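Okay, run-v3.cif is below, mmCIF, C-alpha atoms:
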```cif
data_start
#
loop_
_atom_site.label_atom_id
_atom_site.label_comp_id
_atom_site.auth_asym_id
_atom_site.auth_seq_id
_atom_site.Cartn_x
_atom_site.Cartn_y
_atom_site.Cartn_z
CA MET H 1 -109.69 -4.58 120.18
CA ARG H 2 -107.45 -5.55 123.07
CA GLY H 3 -108.20 -2.65 125.44
CA GLY H 4 -107.62 0.10 122.83
CA PRO H 5 -104.41 2.08 122.39
CA ARG H 6 -102.01 1.86 125.28
CA SER H 7 -98.63 3.22 126.24
CA VAL H 8 -95.47 1.11 126.35
CA GLU H 9 -92.32 2.42 127.96
CA THR H 10 -89.18 2.25 125.84
CA GLY H 11 -85.64 3.45 126.25
CA ARG H 12 -86.62 6.44 124.09
CA GLY H 13 -89.81 7.41 125.89
CA PRO H 14 -93.36 6.06 125.73
CA ALA H 15 -94.53 4.47 122.51
CA ARG H 16 -98.16 3.68 121.77
CA ILE H 17 -99.54 0.36 120.54
CA GLU H 18 -102.99 -0.59 119.34
CA VAL H 19 -103.60 -4.33 119.16
CA THR H 20 -106.62 -5.75 117.36
CA LEU H 21 -107.58 -9.41 117.27
CA PRO H 22 -109.45 -11.13 114.44
CA GLY H 23 -113.18 -10.80 115.08
CA ASP H 24 -112.86 -7.52 116.98
CA GLY H 25 -114.39 -5.65 114.06
CA ALA H 26 -111.72 -3.11 113.13
CA GLY H 27 -112.92 -3.06 109.54
CA ALA H 28 -115.85 -3.96 107.32
CA ALA H 29 -114.17 -7.10 105.99
CA ASP H 30 -113.51 -8.29 109.52
CA ASP H 31 -117.13 -7.59 110.46
CA ARG H 32 -118.28 -9.77 107.55
CA ALA H 33 -115.89 -12.55 108.53
CA GLN H 34 -117.22 -12.46 112.09
CA ARG H 35 -120.83 -12.71 110.92
CA ARG H 36 -119.99 -15.68 108.68
CA SER H 37 -118.37 -17.53 111.57
CA GLY H 38 -121.21 -16.72 113.95
CA ALA H 39 -121.14 -13.93 116.51
CA GLY H 40 -121.24 -16.33 119.43
CA ALA H 41 -118.75 -18.81 118.03
CA ARG H 42 -115.49 -19.32 119.85
CA ARG H 43 -112.90 -17.71 117.67
CA PRO H 44 -109.73 -19.60 116.83
CA ALA H 45 -106.30 -18.40 117.87
CA PRO H 46 -104.74 -15.92 115.43
CA ALA H 47 -102.66 -17.41 112.64
CA ALA H 48 -99.86 -14.90 113.28
CA LEU H 49 -99.05 -11.50 114.74
CA LEU H 50 -98.41 -8.67 112.26
CA VAL H 51 -96.75 -5.57 113.76
CA LEU H 52 -96.75 -2.41 111.64
CA GLY H 53 -95.00 0.94 112.09
CA HIS H 54 -95.72 4.31 110.50
CA GLY H 55 -93.69 6.45 108.13
CA ALA H 56 -91.49 9.41 109.02
CA GLY H 57 -93.66 12.14 110.53
CA GLY H 58 -96.76 10.06 109.80
CA ASP H 59 -99.26 8.13 111.85
CA VAL H 60 -100.71 4.64 111.98
CA ASP H 61 -103.91 5.89 110.33
CA ALA H 62 -102.15 6.05 106.94
CA PRO H 63 -104.50 4.55 104.32
CA ASP H 64 -102.22 1.66 103.35
CA LEU H 65 -101.61 0.68 106.99
CA VAL H 66 -105.32 0.75 107.80
CA ALA H 67 -106.21 -1.28 104.69
CA THR H 68 -103.48 -3.82 105.44
CA ARG H 69 -104.65 -4.11 109.05
CA ASP H 70 -108.26 -4.69 108.01
CA ALA H 71 -107.33 -7.26 105.35
CA ALA H 72 -105.08 -9.14 107.77
CA LEU H 73 -107.73 -9.19 110.52
CA ALA H 74 -110.26 -10.66 108.10
CA ALA H 75 -107.71 -13.39 107.34
CA GLY H 76 -107.24 -14.41 110.96
CA VAL H 77 -104.12 -12.37 111.76
CA ALA H 78 -103.70 -10.31 114.93
CA VAL H 79 -102.40 -6.83 114.15
CA ALA H 80 -100.50 -4.33 116.28
CA LEU H 81 -100.01 -0.74 115.10
CA VAL H 82 -97.05 0.98 116.74
CA THR H 83 -96.56 4.72 117.16
CA GLN H 84 -92.97 5.73 117.80
CA PRO H 85 -92.12 7.84 120.89
CA TYR H 86 -91.28 10.98 118.89
CA ARG H 87 -94.79 10.99 117.41
CA VAL H 88 -96.38 10.26 120.79
CA ALA H 89 -94.50 13.34 122.04
CA GLY H 90 -96.02 15.42 119.23
CA ARG H 91 -92.92 15.83 117.09
CA ARG H 92 -93.01 15.36 113.33
CA ALA H 93 -89.27 15.35 112.66
CA PRO H 94 -88.20 11.69 112.91
CA ALA H 95 -85.79 10.52 115.57
CA PRO H 96 -82.36 9.13 114.54
CA ALA H 97 -82.42 5.61 113.14
CA GLY H 98 -80.78 4.14 116.23
CA HIS H 99 -83.46 5.65 118.47
CA LEU H 100 -86.25 4.33 116.25
CA ASP H 101 -84.73 0.86 116.25
CA GLU H 102 -84.27 0.84 120.03
CA ALA H 103 -87.86 1.86 120.72
CA TRP H 104 -89.15 -0.70 118.20
CA ARG H 105 -87.18 -3.51 119.82
CA ASP H 106 -88.55 -2.54 123.26
CA VAL H 107 -92.12 -2.58 121.95
CA LEU H 108 -91.59 -5.92 120.23
CA ALA H 109 -90.28 -7.43 123.46
CA VAL H 110 -93.64 -6.63 125.06
CA LEU H 111 -95.70 -7.89 122.14
CA THR H 112 -93.81 -11.13 121.65
CA ALA H 113 -94.27 -11.94 125.33
CA GLU H 114 -98.02 -11.38 125.00
CA PHE H 115 -98.29 -13.43 121.79
CA ALA H 116 -95.73 -16.12 122.55
CA GLY H 117 -95.87 -19.02 120.13
CA LEU H 118 -97.34 -17.10 117.20
CA PRO H 119 -95.33 -16.42 114.04
CA LEU H 120 -94.17 -12.81 114.16
CA ILE H 121 -94.34 -10.71 111.01
CA VAL H 122 -92.91 -7.21 111.27
CA GLY H 123 -93.31 -4.32 108.89
CA GLY H 124 -94.63 -0.88 108.21
CA ARG H 125 -94.66 1.82 105.62
CA SER H 126 -91.66 3.86 104.43
CA SER H 127 -89.46 4.63 107.45
CA GLY H 128 -91.39 2.06 109.47
CA ALA H 129 -90.51 -0.59 106.90
CA ARG H 130 -86.83 0.31 107.20
CA VAL H 131 -86.97 -0.02 111.00
CA ALA H 132 -88.64 -3.41 110.67
CA CYS H 133 -85.97 -4.62 108.25
CA ARG H 134 -83.06 -3.42 110.37
CA THR H 135 -84.35 -5.09 113.54
CA ALA H 136 -86.11 -8.19 112.20
CA GLY H 137 -83.36 -10.56 113.26
CA ASP H 138 -83.11 -9.04 116.73
CA VAL H 139 -86.81 -9.45 117.50
CA GLY H 140 -87.17 -13.00 116.17
CA ALA H 141 -89.37 -12.19 113.19
CA SER H 142 -90.42 -14.88 110.72
CA GLY H 143 -91.04 -12.45 107.86
CA ILE H 144 -91.24 -8.80 106.83
CA VAL H 145 -93.89 -6.68 105.10
CA ALA H 146 -92.51 -3.44 103.62
CA LEU H 147 -95.05 -0.98 102.25
CA ALA H 148 -93.71 1.92 100.16
CA PHE H 149 -90.12 0.97 100.95
CA PRO H 150 -88.02 4.12 100.29
CA LEU H 151 -85.28 2.66 98.13
CA HIS H 152 -83.43 5.99 97.93
CA PRO H 153 -84.04 9.67 98.65
CA PRO H 154 -85.95 11.34 95.78
CA GLY H 155 -83.64 12.14 92.91
CA LYS H 156 -80.68 10.34 94.49
CA PRO H 157 -80.69 6.75 93.19
CA ASP H 158 -77.00 6.45 94.04
CA ARG H 159 -77.92 6.41 97.74
CA SER H 160 -79.63 3.03 97.64
CA ARG H 161 -81.00 1.35 100.75
CA ALA H 162 -81.54 -1.98 99.01
CA GLY H 163 -79.17 -3.68 101.44
CA GLU H 164 -81.64 -3.18 104.28
CA LEU H 165 -84.00 -5.62 102.56
CA LEU H 166 -81.40 -8.40 102.55
CA THR H 167 -82.21 -9.85 105.96
CA GLY H 168 -82.34 -13.52 105.02
CA LEU H 169 -86.04 -13.57 105.97
CA PRO H 170 -89.01 -13.87 103.60
CA THR H 171 -89.90 -10.30 102.67
CA LEU H 172 -92.76 -8.69 100.76
CA VAL H 173 -92.34 -5.21 99.28
CA VAL H 174 -95.38 -3.32 97.97
CA ASN H 175 -94.50 -0.10 96.11
CA GLY H 176 -96.15 2.15 93.55
CA ASP H 177 -94.55 2.44 90.15
CA ARG H 178 -94.61 6.25 90.43
CA ASP H 179 -92.93 6.39 93.82
CA PRO H 180 -90.23 9.11 93.77
CA PHE H 181 -88.34 7.10 96.38
CA GLY H 182 -87.85 4.32 93.82
CA VAL H 183 -88.93 0.70 93.54
CA PRO H 184 -86.69 -2.13 94.81
CA GLU H 185 -85.90 -5.07 92.58
CA ALA H 186 -86.92 -8.58 93.58
CA THR H 187 -84.08 -10.72 94.88
CA ALA H 188 -83.79 -14.10 96.56
CA GLY H 189 -86.25 -14.07 99.41
CA VAL H 190 -87.62 -10.62 98.54
CA GLU H 191 -90.89 -10.52 96.59
CA VAL H 192 -91.90 -7.18 95.07
CA VAL H 193 -95.46 -6.20 94.13
CA VAL H 194 -95.68 -3.03 92.04
CA LEU H 195 -98.98 -1.13 92.01
CA PRO H 196 -99.54 0.74 88.72
CA GLY H 197 -100.15 4.46 88.96
CA GLN H 198 -99.40 4.71 92.68
CA ARG H 199 -97.03 7.12 94.37
CA HIS H 200 -95.41 6.89 97.79
CA ASP H 201 -98.63 7.13 99.82
CA LEU H 202 -100.24 4.15 98.00
CA ARG H 203 -103.54 5.88 98.71
CA GLY H 204 -105.26 4.85 95.51
CA GLY H 205 -103.91 1.30 95.78
CA ARG H 206 -104.46 0.69 99.49
CA GLU H 207 -106.95 -2.15 98.98
CA ASP H 208 -104.63 -3.81 96.47
CA ALA H 209 -101.81 -3.49 99.00
CA GLY H 210 -103.92 -5.20 101.67
CA ARG H 211 -104.81 -8.04 99.33
CA ALA H 212 -101.19 -8.49 98.30
CA VAL H 213 -100.12 -8.76 101.93
CA VAL H 214 -102.78 -11.35 102.79
CA THR H 215 -101.96 -13.42 99.69
CA TRP H 216 -98.29 -13.43 100.67
CA LEU H 217 -99.03 -14.29 104.31
CA ALA H 218 -101.42 -17.09 103.35
CA ALA H 219 -98.87 -18.66 101.00
CA ARG H 220 -96.64 -19.14 104.04
CA GLY H 221 -99.32 -20.36 106.42
CA TRP H 222 -99.45 -17.04 108.30
CA ALA H 223 -103.05 -16.16 107.37
CA ARG H 224 -106.38 -17.89 106.84
CA PRO H 225 -108.20 -15.99 104.10
CA GLU H 226 -111.87 -16.77 103.50
#
```
Render the structure in this file as structure tokens.
Amino acid sequence: MRGGPRSVETGRGPARIEVTLPGDGAGAADDRAQRRSGAGARRPAPAALLVLGHGAGGDVDAPDLVATRDAALAAGVAVALVTQPYRVAGRRAPAPAGHLDEAWRDVLAVLTAEFAGLPLIVGGRSSGARVACRTAGDVGASGIVALAFPLHPPGKPDRSRAGELLTGLPTLVVNGDRDPFGVPEATAGVEVVVLPGQRHDLRGGREDAGRAVVTWLAARGWARPE
């Protein structure tokens, strides 16, 4: 882990980031990968940087985010988990979209400077996925990972947010087929993986979500799975 969680100042107050490098042992799979490569071996540079944000009122310890982080680390990807300023301040009610986007862009400016030269993949779960989609072009992302993308408010399919996925960048969506927020349809550049029996939290399918993300990253040269 690169120094543990730390604060980053944004135009909307301090955010918190937690950066983990492959081989730092943030999960069992990463521990196994480190042992296979040799504890004293010089580790290669990460294949990419994956930056993930949390859902509305949630935290970065959500099961699908943790599973995705661990799977990505084991595949040679550096991972940054970002906590928005409103959550750092202890509030559960989400900030307005513009505030979320501004803080995210400020955090990404710091991270991209630290990891210059690496492909940048942005994403998150639910609200965090929406933020990543809206700002992907601004921050210079190469691709997007959207976990539990909330296609519409529950019971209101007429209020679709599908347009947010149309960024022109390669995008992976992982949703449960029982998600009350709906399931987006695949379109050009947007791949959709549907997990049977899973609702919005993806709790029972978190390992499947992590594997789907790594498979998608590896197909584009952004991961090195064992």
Which residues, protein or nucleic acid, reach to within 9 Å of (-92.6, -11.4, 116.4) in the file's coordinates when using only C-alpha atoms, and can you give that as JSON, numbers by chain? {"H": [48, 49, 50, 51, 108, 109, 111, 112, 115, 116, 118, 119, 120, 121, 122, 136, 139, 140, 141, 142, 143]}
Skipping near chain neighbours, those fewer than 6 positions away, what residues fall within 12 Å of Ala103 (chain H) using all atoms listed in the file, listed as an mmCIF file with C-alpha atoms, in the frame of the given file?
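New file out08.cif:
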```cif
data_model
loop_
_atom_site.group_PDB
_atom_site.id
_atom_site.type_symbol
_atom_site.label_atom_id
_atom_site.label_comp_id
_atom_site.auth_asym_id
_atom_site.auth_seq_id
_atom_site.Cartn_x
_atom_site.Cartn_y
_atom_site.Cartn_z
ATOM 1 C CA VAL H 8 -95.470 1.110 126.350
ATOM 2 C CA GLU H 9 -92.320 2.420 127.960
ATOM 3 C CA THR H 10 -89.180 2.250 125.840
ATOM 4 C CA GLY H 11 -85.640 3.450 126.250
ATOM 5 C CA ARG H 12 -86.620 6.440 124.090
ATOM 6 C CA GLY H 13 -89.810 7.410 125.890
ATOM 7 C CA PRO H 14 -93.360 6.060 125.730
ATOM 8 C CA ALA H 15 -94.530 4.470 122.510
ATOM 9 C CA ARG H 16 -98.160 3.680 121.770
ATOM 10 C CA ILE H 17 -99.540 0.360 120.540
ATOM 11 C CA GLY H 53 -95.000 0.940 112.090
ATOM 12 C CA VAL H 82 -97.050 0.980 116.740
ATOM 13 C CA THR H 83 -96.560 4.720 117.160
ATOM 14 C CA GLN H 84 -92.970 5.730 117.800
ATOM 15 C CA PRO H 85 -92.120 7.840 120.890
ATOM 16 C CA TYR H 86 -91.280 10.980 118.890
ATOM 17 C CA ARG H 87 -94.790 10.990 117.410
ATOM 18 C CA VAL H 88 -96.380 10.260 120.790
ATOM 19 C CA ALA H 95 -85.790 10.520 115.570
ATOM 20 C CA PRO H 96 -82.360 9.130 114.540
ATOM 21 C CA ALA H 97 -82.420 5.610 113.140
ATOM 22 C CA ALA H 109 -90.280 -7.430 123.460
ATOM 23 C CA VAL H 110 -93.640 -6.630 125.060
ATOM 24 C CA GLY H 128 -91.390 2.060 109.470
ATOM 25 C CA VAL H 131 -86.970 -0.020 111.000
ATOM 26 C CA ALA H 132 -88.640 -3.410 110.670
ATOM 27 C CA THR H 135 -84.350 -5.090 113.540
ATOM 28 C CA VAL H 139 -86.810 -9.450 117.500
#
```
Just want the 10 Å neighbourhood of region 54-62 of chain H, counted on only C-alpha atoms, with same-chain residues fewer than 2 positions away dropped. Output as a ChimeraX atom specification. /H:17-18,52,64-67,80-84,86-88,90-95,123-131,147-150,201-203,206
I'd like the contact shell of Gly155 (chain H) - 10 Å cut-off, only C-alpha atoms, skipping same-chain residues fewer than 2 positions apart - returned as a ChimeraX atom specification. /H:152-153,157-159,180-182
Residues proximal to (-97.7, -15.4, 106.7) were defined as those with any atom within 12 Å of that point in the file's coordinates, counting all atoms listed in the file. Which are they, as a PDB file with C-alpha atoms, keeping the file's coordinate frame?
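Output below, filename point_21.pdb:
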```pdb
ATOM      1  CA  PRO H  46    -104.740 -15.920 115.430  1.00  0.00           C
ATOM      2  CA  ALA H  47    -102.660 -17.410 112.640  1.00  0.00           C
ATOM      3  CA  ALA H  48     -99.860 -14.900 113.280  1.00  0.00           C
ATOM      4  CA  LEU H  49     -99.050 -11.500 114.740  1.00  0.00           C
ATOM      5  CA  LEU H  50     -98.410  -8.670 112.260  1.00  0.00           C
ATOM      6  CA  ALA H  72    -105.080  -9.140 107.770  1.00  0.00           C
ATOM      7  CA  ALA H  75    -107.710 -13.390 107.340  1.00  0.00           C
ATOM      8  CA  GLY H  76    -107.240 -14.410 110.960  1.00  0.00           C
ATOM      9  CA  VAL H  77    -104.120 -12.370 111.760  1.00  0.00           C
ATOM     10  CA  ALA H  78    -103.700 -10.310 114.930  1.00  0.00           C
ATOM     11  CA  LEU H 118     -97.340 -17.100 117.200  1.00  0.00           C
ATOM     12  CA  PRO H 119     -95.330 -16.420 114.040  1.00  0.00           C
ATOM     13  CA  LEU H 120     -94.170 -12.810 114.160  1.00  0.00           C
ATOM     14  CA  ILE H 121     -94.340 -10.710 111.010  1.00  0.00           C
ATOM     15  CA  VAL H 122     -92.910  -7.210 111.270  1.00  0.00           C
ATOM     16  CA  ALA H 141     -89.370 -12.190 113.190  1.00  0.00           C
ATOM     17  CA  SER H 142     -90.420 -14.880 110.720  1.00  0.00           C
ATOM     18  CA  GLY H 143     -91.040 -12.450 107.860  1.00  0.00           C
ATOM     19  CA  ILE H 144     -91.240  -8.800 106.830  1.00  0.00           C
ATOM     20  CA  VAL H 145     -93.890  -6.680 105.100  1.00  0.00           C
ATOM     21  CA  LEU H 169     -86.040 -13.570 105.970  1.00  0.00           C
ATOM     22  CA  PRO H 170     -89.010 -13.870 103.600  1.00  0.00           C
ATOM     23  CA  THR H 171     -89.900 -10.300 102.670  1.00  0.00           C
ATOM     24  CA  LEU H 172     -92.760  -8.690 100.760  1.00  0.00           C
ATOM     25  CA  ALA H 212    -101.190  -8.490  98.300  1.00  0.00           C
ATOM     26  CA  VAL H 213    -100.120  -8.760 101.930  1.00  0.00           C
ATOM     27  CA  VAL H 214    -102.780 -11.350 102.790  1.00  0.00           C
ATOM     28  CA  THR H 215    -101.960 -13.420  99.690  1.00  0.00           C
ATOM     29  CA  TRP H 216     -98.290 -13.430 100.670  1.00  0.00           C
ATOM     30  CA  LEU H 217     -99.030 -14.290 104.310  1.00  0.00           C
ATOM     31  CA  ALA H 218    -101.420 -17.090 103.350  1.00  0.00           C
ATOM     32  CA  ALA H 219     -98.870 -18.660 101.000  1.00  0.00           C
ATOM     33  CA  ARG H 220     -96.640 -19.140 104.040  1.00  0.00           C
ATOM     34  CA  GLY H 221     -99.320 -20.360 106.420  1.00  0.00           C
ATOM     35  CA  TRP H 222     -99.450 -17.040 108.300  1.00  0.00           C
ATOM     36  CA  ALA H 223    -103.050 -16.160 107.370  1.00  0.00           C
ATOM     37  CA  ARG H 224    -106.380 -17.890 106.840  1.00  0.00           C
ATOM     38  CA  PRO H 225    -108.200 -15.990 104.100  1.00  0.00           C
TER      39      PRO H 225
END
```
At what distance in Å, to one decimal, does CA of Ala146 (chain H) lie from CA of Val174 (chain H)?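 Pair CA of Val174 (chain H) / CA of Ala146 (chain H) returns 6.3 Å.
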Expressed in Å to a single decimal, how great is the separation between CA of Arg199 (chain H) and CA of Arg178 (chain H)?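 Result for CA of Arg199 (chain H) versus CA of Arg178 (chain H): 4.7 Å, one decimal.
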Using only C-alpha atoms, determine which residues lie at most 8 Å from Leu73 (chain H), disregarding the query and same-chain residues fewer than 2 positions distant; provide the list as a CSV table (one decimal) with C-alpha atoms, keeping the file's coordinate frame.
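In the end it all went to result22.csv:
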```
chain,number,residue,atom,x,y,z
H,20,THR,CA,-106.6,-5.8,117.4
H,21,LEU,CA,-107.6,-9.4,117.3
H,22,PRO,CA,-109.4,-11.1,114.4
H,23,GLY,CA,-113.2,-10.8,115.1
H,26,ALA,CA,-111.7,-3.1,113.1
H,30,ASP,CA,-113.5,-8.3,109.5
H,69,ARG,CA,-104.6,-4.1,109.0
H,70,ASP,CA,-108.3,-4.7,108.0
H,71,ALA,CA,-107.3,-7.3,105.4
H,75,ALA,CA,-107.7,-13.4,107.3
H,76,GLY,CA,-107.2,-14.4,111.0
H,77,VAL,CA,-104.1,-12.4,111.8
H,78,ALA,CA,-103.7,-10.3,114.9
H,79,VAL,CA,-102.4,-6.8,114.2
```
Using all atoms listed in the file for the distances, tell me which of H:Pro5, H:Pro63, H:Pro184, H:Gly168 is nearest to Leu151 (chain H). H:Pro184
One decimal, Å: what's the distance from CA of His99 (chain H) over to CA of Val173 (chain H), could you say? 23.8 Å
Excluding Gly163 (chain H) and any residue of its chain fewer than 2 positions from it, enumerate the residues within 10 Å of it, using all atoms listed in the file, and give them as number ranges by chain. H: 133-134, 151, 160-161, 165-167
